[in-house]
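Read through the structure below, which is laid out as structure tokens, and then see the notes.
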Amino acid sequence: MRNHLAATATCACLLFSFSACSDSTGPTVSRRDALQSLALGIATFGDTGAPDVADVSDALSTIEPLLDQVNVSINGTSRTMYGFATRLTFPEGTCIENIFVDPNFPPPPGECTPANFGATLFLWESHAANQVPDRMLLVSVDEGTTDFSLETTDPFSVFSAVAAYVETPDNFYFSNAGTVTTHITSTGQGCSVPLPPFAKSATCNIATFDEQGSIAFELLTGADVGSGAPDVTIAIPHQTLHGLWEQITETQPVSITSSAAIRGLLRQPARAPLLFSLGKFRTPTQR
């Protein structure tokens, strides 16, 4: 049902390393300031493949009118975050092997892994435009019910049911259980965003993302590792987010290197399409 290794390798370089602190229980900045904060957060990933702050700020400004305030519960404490979602779909029969190409490691003849990047939920909390987010939750989902149990999920597949939660001071949590139910509907209203580097052409529509579920997270890295800090459970009560649904109509190959993939995987990435959705904003293209 889900396969995603090549896309994972491309996006793996983007990691979270947020710092800053806030005692607020919800958004304390405007939508535009929140997006600028998000752009700064992306810039802190520190990899040469990360989008520039200016590029991301310009691209995400398209999403500003779509931002919702999303209610979640973190270990039983109610919080309100800014949120939006993205979805990428491909023509039937599109193969990952034809999109992400490593000249040093060509795939076996006839191998075809269906391209399925699913959808990504972005939830974050910021206190200033010139500071990175205080909390950030990225959730990779698919239409229907997504299961985050490690027993049923391959985190190195092309599309993996994974979620990442970052909370200051630099604590990085990775999903290990729970489910989220997603229903995605196009509104029919068009939108304009830069093309992903692997797309020759695409169409974009504003969509609604109906969400409900709960995810358990395990602390992987950060100041609290080894201190007995409790794991985190985040509940998303039934609500609707707005976002972008980009339908790729024609693809083109993108070269990747195994060394870049290995570097990313060793750095505990938020795997699957989570950050790929942000990476697509790097290169504006006229439609």
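Chains: A, B, ... in order of the structure tokens. Residues: from 1 per chain. Ligands: from 1, in order shown.
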Surrounding residues of Gly243 of chain A excluding itself and chain neighbours under 6 positions, 6 Å, only C-alpha atoms, as a PDB file with C-alpha atoms, in the first residue's frame:
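File part.pdb, as written:
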ATOM      1  CA  PHE A  84      -2.562  23.646   6.984  1.00  0.00           C
ATOM      2  CA  ALA A  85      -2.110  20.569   4.804  1.00  0.00           C
ATOM      3  CA  THR A  86      -0.692  19.561   1.434  1.00  0.00           C
ATOM      4  CA  ILE A 206      -7.533  24.273  -2.581  1.00  0.00           C
ATOM      5  CA  ALA A 207      -8.766  21.280  -0.587  1.00  0.00           C
TER       6      ALA A 207
END
| said: List as a PyMOL selection string the protein and nucleic acid residues near Gly144 of chain A, meaning an atom at most 8 Å away when only C-alpha atoms are counted, but skip any in the same chain fewer than 2 places from it. | reply: chain A and resi 142+146+181-183
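The closest residue to Gly178 of chain A, picked from A:Ala235, A:Met136, A:Ala164, A:Val70 and counting only C-alpha atoms, is A:Ala235.
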| request: Pull the alpha helix (DSSP H) assignments for segment 20-257 of chain A out of DSSP run on the backbone, and list those residues as JSON, numbers by chain. | output: {"A": [31, 32, 33, 34, 35, 36, 37, 38, 39, 40, 41, 42, 43, 53, 54, 55, 56, 57, 58, 59, 60]}
Could you turn the residues from that selection into a file that holds all heavy atoms, as a tab-separated table (two decimals), in the first residue's frame?
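File produced: result_34.tsv:
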chain	number	residue	atom	x	y	z
A	31	ARG	N	-0.95	35.48	11.08
A	31	ARG	CA	-0.71	34.40	10.13
A	31	ARG	C	0.60	34.60	9.39
A	31	ARG	O	1.39	33.67	9.23
A	31	ARG	CB	-1.86	34.33	9.12
A	31	ARG	CG	-3.18	33.85	9.71
A	31	ARG	CD	-4.25	33.86	8.63
A	31	ARG	NE	-5.50	33.30	9.11
A	31	ARG	CZ	-6.58	33.16	8.36
A	31	ARG	NH1	-6.56	33.55	7.08
A	31	ARG	NH2	-7.70	32.64	8.85
A	32	ARG	N	0.83	35.84	8.91
A	32	ARG	CA	2.06	36.09	8.16
A	32	ARG	C	3.28	35.90	9.04
A	32	ARG	O	4.28	35.31	8.61
A	32	ARG	CB	2.05	37.51	7.58
A	32	ARG	CG	3.30	37.85	6.78
A	32	ARG	CD	3.08	39.05	5.89
A	32	ARG	NE	2.12	38.75	4.84
A	32	ARG	CZ	2.45	38.19	3.69
A	32	ARG	NH1	3.70	37.83	3.44
A	32	ARG	NH2	1.54	37.96	2.77
A	33	ASP	N	3.23	36.38	10.28
A	33	ASP	CA	4.35	36.19	11.19
A	33	ASP	C	4.58	34.71	11.47
A	33	ASP	O	5.72	34.25	11.58
A	33	ASP	CB	4.11	36.94	12.50
A	33	ASP	CG	4.29	38.45	12.36
A	33	ASP	OD1	4.74	38.89	11.29
A	33	ASP	OD2	3.93	39.17	13.32
A	34	ALA	N	3.49	33.96	11.60
A	34	ALA	CA	3.62	32.52	11.84
A	34	ALA	C	4.30	31.84	10.67
A	34	ALA	O	5.15	30.95	10.85
A	34	ALA	CB	2.24	31.91	12.09
A	35	LEU	N	3.97	32.25	9.43
A	35	LEU	CA	4.60	31.65	8.26
A	35	LEU	C	6.08	32.03	8.18
A	35	LEU	O	6.92	31.21	7.78
A	35	LEU	CB	3.87	32.09	6.99
A	35	LEU	CG	2.50	31.46	6.80
A	35	LEU	CD1	1.76	32.13	5.64
A	35	LEU	CD2	2.61	29.97	6.57
A	36	GLN	N	6.41	33.26	8.57
A	36	GLN	CA	7.81	33.66	8.59
A	36	GLN	C	8.58	32.84	9.62
A	36	GLN	O	9.73	32.43	9.39
A	36	GLN	CB	7.92	35.15	8.88
A	36	GLN	CG	7.43	36.03	7.74
A	36	GLN	CD	7.41	37.49	8.09
A	36	GLN	OE1	7.50	37.87	9.25
A	36	GLN	NE2	7.28	38.34	7.08
A	37	SER	N	7.95	32.58	10.74
A	37	SER	CA	8.58	31.74	11.76
A	37	SER	C	8.80	30.33	11.22
A	37	SER	O	9.86	29.71	11.43
A	37	SER	CB	7.70	31.70	13.01
A	37	SER	OG	8.19	30.78	13.96
A	38	LEU	N	7.81	29.80	10.51
A	38	LEU	CA	7.94	28.48	9.92
A	38	LEU	C	9.10	28.44	8.93
A	38	LEU	O	9.87	27.47	8.90
A	38	LEU	CB	6.63	28.09	9.23
A	38	LEU	CG	6.62	26.73	8.52
A	38	LEU	CD1	6.82	25.60	9.50
A	38	LEU	CD2	5.31	26.56	7.76
A	39	ALA	N	9.22	29.50	8.12
A	39	ALA	CA	10.32	29.56	7.16
A	39	ALA	C	11.67	29.55	7.87
A	39	ALA	O	12.62	28.89	7.43
A	39	ALA	CB	10.19	30.81	6.30
A	40	LEU	N	11.77	30.26	8.99
A	40	LEU	CA	13.01	30.24	9.76
A	40	LEU	C	13.28	28.84	10.31
A	40	LEU	O	14.43	28.38	10.36
A	40	LEU	CB	12.94	31.24	10.91
A	40	LEU	CG	13.03	32.72	10.52
A	40	LEU	CD1	12.78	33.60	11.73
A	40	LEU	CD2	14.39	33.02	9.91
A	41	GLY	N	12.23	28.16	10.72
A	41	GLY	CA	12.39	26.81	11.22
A	41	GLY	C	12.95	25.90	10.15
A	41	GLY	O	13.83	25.07	10.42
A	42	ILE	N	12.47	26.06	8.92
A	42	ILE	CA	12.97	25.25	7.82
A	42	ILE	C	14.45	25.55	7.58
A	42	ILE	O	15.25	24.65	7.33
A	42	ILE	CB	12.15	25.53	6.55
A	42	ILE	CG1	10.70	25.10	6.75
A	42	ILE	CG2	12.76	24.80	5.35
A	42	ILE	CD1	9.78	25.57	5.67
A	43	ALA	N	14.82	26.83	7.68
A	43	ALA	CA	16.21	27.21	7.45
A	43	ALA	C	17.15	26.61	8.48
A	43	ALA	O	18.33	26.42	8.21
A	43	ALA	CB	16.34	28.73	7.45
A	53	VAL	N	15.23	30.89	3.19
A	53	VAL	CA	14.16	31.51	3.95
A	53	VAL	C	13.27	32.35	3.04
A	53	VAL	O	12.05	32.29	3.10
A	53	VAL	CB	14.73	32.37	5.09
A	53	VAL	CG1	13.61	33.14	5.79
A	53	VAL	CG2	15.47	31.49	6.09
A	54	ALA	N	13.90	33.14	2.17
A	54	ALA	CA	13.11	34.01	1.29
A	54	ALA	C	12.23	33.20	0.36
A	54	ALA	O	11.06	33.54	0.13
A	54	ALA	CB	14.04	34.92	0.49
A	55	ASP	N	12.77	32.11	-0.20
A	55	ASP	CA	11.99	31.27	-1.11
A	55	ASP	C	10.77	30.71	-0.42
A	55	ASP	O	9.66	30.71	-0.94
A	55	ASP	CB	12.85	30.12	-1.64
A	55	ASP	CG	13.95	30.60	-2.58
A	55	ASP	OD1	13.83	31.75	-3.05
A	55	ASP	OD2	14.89	29.84	-2.83
A	56	VAL	N	10.98	30.18	0.78
A	56	VAL	CA	9.87	29.57	1.50
A	56	VAL	C	8.86	30.62	1.92
A	56	VAL	O	7.64	30.41	1.83
A	56	VAL	CB	10.40	28.81	2.74
A	56	VAL	CG1	9.24	28.25	3.55
A	56	VAL	CG2	11.31	27.68	2.29
A	57	SER	N	9.32	31.77	2.38
A	57	SER	CA	8.41	32.83	2.80
A	57	SER	C	7.50	33.24	1.66
A	57	SER	O	6.30	33.40	1.82
A	57	SER	CB	9.19	34.04	3.32
A	57	SER	OG	9.91	33.72	4.49
A	58	ASP	N	8.10	33.42	0.47
A	58	ASP	CA	7.30	33.82	-0.69
A	58	ASP	C	6.28	32.76	-1.05
A	58	ASP	O	5.13	33.04	-1.34
A	58	ASP	CB	8.22	34.09	-1.88
A	58	ASP	CG	9.06	35.34	-1.70
A	58	ASP	OD1	8.70	36.16	-0.81
A	58	ASP	OD2	10.06	35.50	-2.41
A	59	ALA	N	6.71	31.49	-1.03
A	59	ALA	CA	5.80	30.42	-1.42
A	59	ALA	C	4.70	30.22	-0.41
A	59	ALA	O	3.54	30.04	-0.76
A	59	ALA	CB	6.59	29.13	-1.61
A	60	LEU	N	5.05	30.24	0.86
A	60	LEU	CA	4.06	29.99	1.89
A	60	LEU	C	3.06	31.13	2.03
A	60	LEU	O	2.00	30.96	2.61
A	60	LEU	CB	4.74	29.71	3.23
A	60	LEU	CG	5.54	28.41	3.31
A	60	LEU	CD1	6.07	28.20	4.72
A	60	LEU	CD2	4.71	27.23	2.87
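The shell of residues at most 7 Å from segment 113-115 of chain A, with only C-alpha atoms counted and near chain neighbours (fewer than 4 positions) removed, consists of A:Asn3, A:Phe90, A:Gly93, A:Thr94, A:Cys95, A:Ile96, A:Glu97.
Atom pair atom CA of Pro103 of chain A / atom CA of Thr251 of chain A: separated by 17.9 Å.
Minimum atom-to-atom distance to Thr120 of chain A, evaluated using only C-alpha atoms, belongs to A:Glu211 out of A:Asp68, A:Glu211, A:Glu92, A:Asp102.
Atom pair atom CA of Asn75 of chain A / atom CA of Ile184 of chain A has a distance of 27.2 Å (rounded to one decimal).
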